[in-house]
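What follows is one structure encoded as structure tokens, with my remarks underneath.
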Amino acid sequence: AIPDLEKKPEKSYAGAKIGRKVDYYASALGKTPVTRVATRKEAKLKSVLSEFGTMPDNTSLKPLGHPNLNMSIRWLTSNKDNIELTCACGVLRITPISENTVRINFYRDQIDRLQDIPKEITVTSNLRWNYREVREKVEVATGKLLVQVDKKTGALSFYSAKGKLLLTENTRLPRQLGNTAKIQTWTYFDWGKTENLNARGNDDSEWSSLNNTAKYISLGADSDRTACIMSNSGYQLLVPSGKLVMCCTIPMYGPYLYTEGEKQVDYFFRTAL
């Protein structure tokens, strides 16, 4: 049965400021403790002002549709910072950040200014990474993470260093950019049926289940807190602030990760394995 979903929040993300980033508590991945961004009292106030955990209206859950988009990779370019793979619909950029983290972008013609890397993500200077073409795939290795791109479908797959599949995109339609004034993106992930997903709230102890539901996971247009999904498969997806972010795992509509307010797909994949 389809959940009885509430109306979408009215807060607009149009012209949201790209502001100062703050540290977050990364206890979910067992990282070195960093400064907490708010007391519990402040977090409660922020939760009232944000859309986090609220549910969209049913009418807003249906994506643009699944047209026969050609996402096959036509050519590849690289530099010391990233690789870019071009298809008929846009450019997929993979940027290694550290041994366990990569940044994923997908854009049409020209990428807009990206948000700064959130401070909760460790950046490794002079990171040693490599890529190679293997038959029908392109592989990017960072030490603890292997990212594969299927040349035929353009779909991404993320593996641990030991070869465990952590997450993959839908091979029929991996991702999609909107063509309306709303400035929308969809990334169609193939989350496992037994996989448990949770979204982090305004407080580091606040987590909301994302299984078989649709919820906003961003923290408000004025917040600089990163939207974060944690999986029990051993990884996190982190979406920079400044945009509306929603996760839908209802089979009739998804599953997908949705953003509104930025022209390109922009997220970080971080593994804990």
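Convention: chains lettered A, B, ... in structure tokens order; per-chain residue numbering from 1; ligands numbered from 1 as shown.
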Within 12 Å of Thr180 (chain A), counting only C-alpha atoms, which residues qualify if same-chain residues fewer than 4 places away don't, as a VMD selection string? chain A and resid 64 184 to 185 260 to 263
With C-alpha atoms retained, write the just-selected residues as a CSV table (one decimal), in the first residue's frame.
chain,number,residue,atom,x,y,z
A,64,LEU,CA,10.0,12.5,-15.3
A,184,GLN,CA,15.7,18.8,-10.6
A,185,THR,CA,17.9,15.7,-10.6
A,260,GLU,CA,15.9,20.3,-6.4
A,261,GLY,CA,17.7,23.6,-6.7
A,262,GLU,CA,21.0,22.6,-8.4
A,263,LYS,CA,21.5,21.8,-12.1
Determine which residues of region 48-142 of chain A DSSP labels as helix (DSSP H, G or I) from the backbone of this structure, then write them out as a ChimeraX atom specification. /A:48-49,58-60
Pull N, CA and C atoms from the residues just selected and write them as a short mmCIF file (atom, residue, chain, number, x, y, z; two decimals), in the first residue's frame.
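Dumped to part-v4.cif:
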data_model
loop_
_atom_site.label_atom_id
_atom_site.label_comp_id
_atom_site.auth_asym_id
_atom_site.auth_seq_id
_atom_site.Cartn_x
_atom_site.Cartn_y
_atom_site.Cartn_z
N VAL A 48 12.30 21.96 13.73
CA VAL A 48 11.01 22.61 13.49
C VAL A 48 11.07 23.44 12.22
N LEU A 49 12.24 24.02 11.94
CA LEU A 49 12.39 24.93 10.81
C LEU A 49 12.77 24.22 9.52
N ASN A 58 1.94 12.73 -2.81
CA ASN A 58 2.04 11.61 -3.76
C ASN A 58 2.29 12.09 -5.19
N THR A 59 1.69 13.22 -5.55
CA THR A 59 1.79 13.69 -6.94
C THR A 59 3.21 14.12 -7.31
N SER A 60 4.04 14.39 -6.33
CA SER A 60 5.40 14.84 -6.62
C SER A 60 6.42 13.70 -6.64
#
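Residue neighbourhood of Gly192 (chain A), excluding near-sequence residues (fewer than 6 positions): Leu165, Leu166, Leu167, Thr168, Glu169, Asn170, Asn211, Asn212, Ser231, Asn232, Ser233, Thr249, Pro251 and Pro255 of chain A, at 12 Å, using only C-alpha atoms.
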Spatial neighbours of Thr77 (chain A), 10 Å, only C-alpha atoms, chain gap at least 3 places, as JSON, numbers by chain: {"A": [82, 83, 84, 85, 86, 93]}
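Between CA of Asn196 (chain A) and CA of Val102 (chain A) there is a distance of 21.8 Å.
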